[in-house]
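Asks: My structure is below; once you've seen it, I'll send some questions.
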Amino acid sequence: MLRTGGVATMASSRHHQQQQQQPRARAQLARRTRAVVAPARRPCSVSVTAAAAGPTASSSPLHAWSRRPSAGAATAAAAAAGAGRHPPSSSATTTTPTRTRHRRPLRVSALDAALPFDFEHRARRALESERKLTVGIVGFGTFGQFLARRLAAAGHRVLATSRADYSREAQEMGVAFFSDADAFCEEHPEVVVLATSILSTERVLRALPLQRLKRSTLFVDVLSVKAFPKQLLQRLLPPETDILCTHPMFGPDSGRGSWQGLNLMYERVRVLSDADDGARREARCANLLRFFADEGCRMVEMACEEHDRVAASTQFITHTVGRVLGAMDLRATPIDTRGYKALLELVDNTRNDSFELYYGLFLYNRASADELERLERALDQVKGGLFDQLHEIARRQIFPATPPGSPGSASDADGAPNGGRGAARGRDVVAELLPAAARSLEEEEEEEAESNGRALPPVGSAPQRRLGDGSGVVRR
Ligand code: NAP
């Protein structure tokens with residue numbers, strides 16, 4: 001194989017070098033090997049918590065002594081060496097199995113680490129399912145659907161019945177719809193929510209086949225007036241039923257996105273906690289209230305009568321003003337102020353509520369009529385303030401410097417107010433300043449005279465009486 005002497009010389013010199021190096025290398029290797037295979041002085045018992053172990057792996061004894069090192073053991077040894085530690089004793093056994101045979105086997109106790117979490121999860125699931133209710137909604141109109149959608153989304157089983165057919169809407173939101181009230185009741189909902197119009201509630205309740213429901217059913221109403229349904233439910237329902245009166249102070253418009261911070265008024269009118277199943281009844285009522293609280297509602301416990309007193313001057317007035325402004329057909333403009341935008345929002349929030357709802361607020365809450373009267377008086381007062389100013393300006397123009405008692409002054413010699421030429425001038429000035437106002441005053445006066453059966457006063461006398469007494473007050 002060696003063709004040239006030069007090459008042969010090189011090869012033989014390399015061989016010579018290798019021979020010289022061999023004893024040194026062997027000695028180094030022997031030193032390293034001794035260090036690696038040094039046997040463990042004590043047997044070790046390791047308890048390992050195997051996070052990833054399945055249930056079957058629990059407490060299984062594993063024999064750590066193995067003739068072949070596992071990939072994991074080799075890696076551990078390498079890692080330990082790299083970290084400047086001694087490798088685990090198991091790696092020593094790979095090269096000297098005979099020396100360790102008599103030692104006790106390594107026992108590994110593996111605990112199913114998933115167990116506590118699983119237990120927690122299962123407990124939570126059990127609690128949640130306990131809290132889920134079967135809720136039947138009677139009256140599947142605007143508010144009934146609004147409520148049903150949220151209840152279904154929260155995991156409650158929702159049934160509904162109504163005069164009209166809402167099967168399609170119900171199906172879309174995962175609600176079981178029953179056109180037949182008997183079939184609805186035979187589903188035995190634990191909670192029956194009355195979401196019918198205020199005006200129809202009594203009729204609907206009387207027509208409901210209550211005998212098909214469980215005697216212990218919880219009846220809830222969401223009517224916007226409260227004393228009326230409270231009395232009605234107490235009067236018409238069997239005494240074994242529970243009654244919870246609520247008023248969610250919001251609707252599909254004001255509660256469109258979230259219910260966070262929106263008020264929910266309620267009164268636990270009758271929850272029979274002394275009954276045999278008292279604890280269950282309490283829990284059921286609490287679960288329903290919890291649904292609203294979980295949605296973010298501000299829970300306000302209040303007597304129904306108190307609610308009506310307060311709501312007449314808040315809710316009814318809001319609806320009334322919203323409707324009045326709506327009737328004015330207000331429109332957005334490019335220069336809207338914040339205040340005006342708020343008014344438009346008010347119109348928007350009330351426009352979609354049915355007139356029946358508004359009428360119900362008026363008819364079934366005694367305080368509403370008083371509030372309407374107060375609103376009217378307040379409007380008159382504000383109008384009066386404006387006309388007073390106008391009157392003052394007119395008076396100054398009519399009687400610039402006339403001394404009292406002279407013809408044309410504020411009163412004639414006999415004390416009759418504004419009978420002379422000054423009054424005529426006053427009319428002209430008012431007509432000039434505010435023609436529409438002068439006209440409406442005249443018309444009003446004519447109507448009044450007609451209704452009193454009196455002969456009409458001479459043309460133009462209405463403003464005389466109103467504007468000429470000099471008191472600065474517009475009198476009716
Ligand atoms: P609503 O006009 O007051 O009520 C409509 C509901 O009443 C519909 O389900 C309708 O059934 C039913 N109904 C009307 N007349 C009936 C009759 N003669 N027989 C049987 N059912 C009749 O509008 P709503 O907004 O949905 O209000 C429902 C209830 O929720 C009211 O009591 C209201 O005070 C209360 N509420 C409403 C709001 C809200 O913002 N809208 C907020 C809180 C509370 P059909 O559709 O099948 O005809």
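Residues are referred to by chain and number: the chain letter is A, B, ... according to the order shown in the structure tokens, the number counts from 1 in that chain, and ligands are numbered separately from 1 in the order shown.
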Within 10 Å of Glu202 in chain A, counting only C-alpha atoms, which residues show up once you throw out same-chain ones fewer than 5 positions away? Write them as a count of residues only, please.
Replies: 8
Asks: Tell me which protein, DNA and RNA residues are within 8 Å of range 215-223 of chain A, counting only C-alpha atoms, leaving out same-chain ones fewer than 2 positions away, and put them as JSON, numbers by chain.
Replies: {"A": [189, 190, 191, 192, 193, 194, 195, 196, 197, 198, 211, 213, 225, 226, 229, 238, 240, 241, 242, 243, 244, 245, 246, 247, 248, 281, 285]}
Asks: For the selection you just gave me, I'd like the residues written to a file as a PDB file, in the first residue's frame, keeping C-alpha atoms.
Replies:
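New file out18.pdb:
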```
ATOM      1  CA  PRO A 189     -91.429  25.348  35.670  1.00  0.00           C
ATOM      2  CA  GLU A 190     -90.047  26.081  39.135  1.00  0.00           C
ATOM      3  CA  VAL A 191     -90.418  29.800  38.473  1.00  0.00           C
ATOM      4  CA  VAL A 192     -93.206  31.498  36.507  1.00  0.00           C
ATOM      5  CA  VAL A 193     -92.428  35.066  35.407  1.00  0.00           C
ATOM      6  CA  LEU A 194     -95.358  37.263  34.456  1.00  0.00           C
ATOM      7  CA  ALA A 195     -94.172  39.645  31.714  1.00  0.00           C
ATOM      8  CA  THR A 196     -97.538  40.590  30.258  1.00  0.00           C
ATOM      9  CA  SER A 197     -98.765  44.138  29.838  1.00  0.00           C
ATOM     10  CA  ILE A 198     -99.967  45.745  33.047  1.00  0.00           C
ATOM     11  CA  GLN A 211    -103.854  23.473  38.820  1.00  0.00           C
ATOM     12  CA  LEU A 213     -98.396  23.746  38.069  1.00  0.00           C
ATOM     13  CA  VAL A 225     -96.089  49.213  38.728  1.00  0.00           C
ATOM     14  CA  LYS A 226     -95.853  47.237  41.915  1.00  0.00           C
ATOM     15  CA  PRO A 229     -99.487  43.004  41.016  1.00  0.00           C
ATOM     16  CA  PRO A 238    -102.933  29.447  45.978  1.00  0.00           C
ATOM     17  CA  GLU A 240     -98.720  27.469  48.921  1.00  0.00           C
ATOM     18  CA  THR A 241     -97.061  29.425  46.142  1.00  0.00           C
ATOM     19  CA  ASP A 242     -94.173  31.835  46.650  1.00  0.00           C
ATOM     20  CA  ILE A 243     -94.348  35.420  45.382  1.00  0.00           C
ATOM     21  CA  LEU A 244     -91.516  37.726  44.406  1.00  0.00           C
ATOM     22  CA  CYS A 245     -92.359  41.146  42.982  1.00  0.00           C
ATOM     23  CA  THR A 246     -89.615  42.744  40.917  1.00  0.00           C
ATOM     24  CA  HIS A 247     -89.144  45.718  38.691  1.00  0.00           C
ATOM     25  CA  PRO A 248     -86.089  45.765  36.475  1.00  0.00           C
ATOM     26  CA  ARG A 281     -87.777  27.671  48.381  1.00  0.00           C
ATOM     27  CA  CYS A 285     -85.655  32.697  45.315  1.00  0.00           C
TER      28      CYS A 285
END
```
Asks: Would you kindly return, as a list in words, each protein, DNA or RNA residue with an atom no farther than 8 Å from any atom of Ser167 in chain A, considering only C-alpha atoms and excluding same-chain residues fewer than 6 positions away?
Replies: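 Near neighbours after the sequence-gap exclusion: Ala176, Phe177 and Phe178 of chain A.
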Asks: Using only C-alpha atoms and all ligand atoms, find each residue of chain A with at least one atom at most 8 Å away from an atom of ligand 1; report its shortest atom-to-atom pair and that distance in Å (one decimal), sort the rows by chain and rising residue number, and return the result as CSV.
Replies:
```
residue,atom,partner,partner_atom_place_in_ligand_line,distance
A:Val138,CA,ligand 1,9 (O),7.2
A:Gly139,CA,ligand 1,9 (O),3.4
A:Phe140,CA,ligand 1,9 (O),4.2
A:Gly141,CA,ligand 1,9 (O),3.4
A:Thr142,CA,ligand 1,26 (O),3.7
A:Phe143,CA,ligand 1,26 (O),3.8
A:Gly144,CA,ligand 1,26 (O),5.7
A:Gln145,CA,ligand 1,26 (O),7.8
A:Thr161,CA,ligand 1,47 (O),7.8
A:Ser162,CA,ligand 1,47 (O),4.1
A:Arg163,CA,ligand 1,47 (O),3.6
A:Ala164,CA,ligand 1,47 (O),3.7
A:Asp165,CA,ligand 1,47 (O),6.8
A:Tyr166,CA,ligand 1,47 (O),7.7
A:Leu194,CA,ligand 1,29 (C),7.6
A:Ala195,CA,ligand 1,29 (C),4.3
A:Thr196,CA,ligand 1,7 (O),3.5
A:Ser197,CA,ligand 1,4 (O),3.5
A:Ile198,CA,ligand 1,32 (O),4.4
A:Leu199,CA,ligand 1,15 (N),7.0
A:Ser200,CA,ligand 1,17 (C),4.8
A:Thr201,CA,ligand 1,21 (N),7.4
A:Arg203,CA,ligand 1,19 (N),6.9
A:Val204,CA,ligand 1,20 (C),5.6
A:Asp221,CA,ligand 1,32 (O),7.8
A:Val222,CA,ligand 1,44 (C),5.2
A:Leu223,CA,ligand 1,32 (O),3.6
A:Ser224,CA,ligand 1,34 (O),3.8
A:Val225,CA,ligand 1,34 (O),6.7
A:His247,CA,ligand 1,44 (C),5.9
A:Pro248,CA,ligand 1,43 (C),5.1
A:Met249,CA,ligand 1,43 (C),5.7
A:Phe250,CA,ligand 1,42 (C),5.1
A:Gly251,CA,ligand 1,40 (O),3.2
A:Pro252,CA,ligand 1,40 (O),5.8
A:Asp253,CA,ligand 1,40 (O),7.1
A:Ser254,CA,ligand 1,40 (O),7.7
A:Asn352,CA,ligand 1,41 (N),8.0
A:Asp353,CA,ligand 1,41 (N),5.5
A:Ser354,CA,ligand 1,2 (O),4.9
A:Phe355,CA,ligand 1,2 (O),7.1
A:Glu356,CA,ligand 1,2 (O),5.3
A:Leu357,CA,ligand 1,3 (O),4.1
A:Tyr358,CA,ligand 1,3 (O),7.9
A:Gly360,CA,ligand 1,34 (O),7.3
A:Leu361,CA,ligand 1,34 (O),7.5
```
Asks: From a DSSP pass on the backbone, collect the residues of range 116-188 of chain A flagged as helix (DSSP H, G or I) and hand them back as number ranges by chain.
Replies: A: 116-131, 142-153, 167-172, 181-186
Asks: Using only C-alpha atoms, which residue out of A:Gly278, A:Glu371, A:Phe362, A:Phe291 lies closest to Val310 in chain A?
Replies: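 Ranked by minimum distance to Val310 in chain A, first place goes to A:Glu371.
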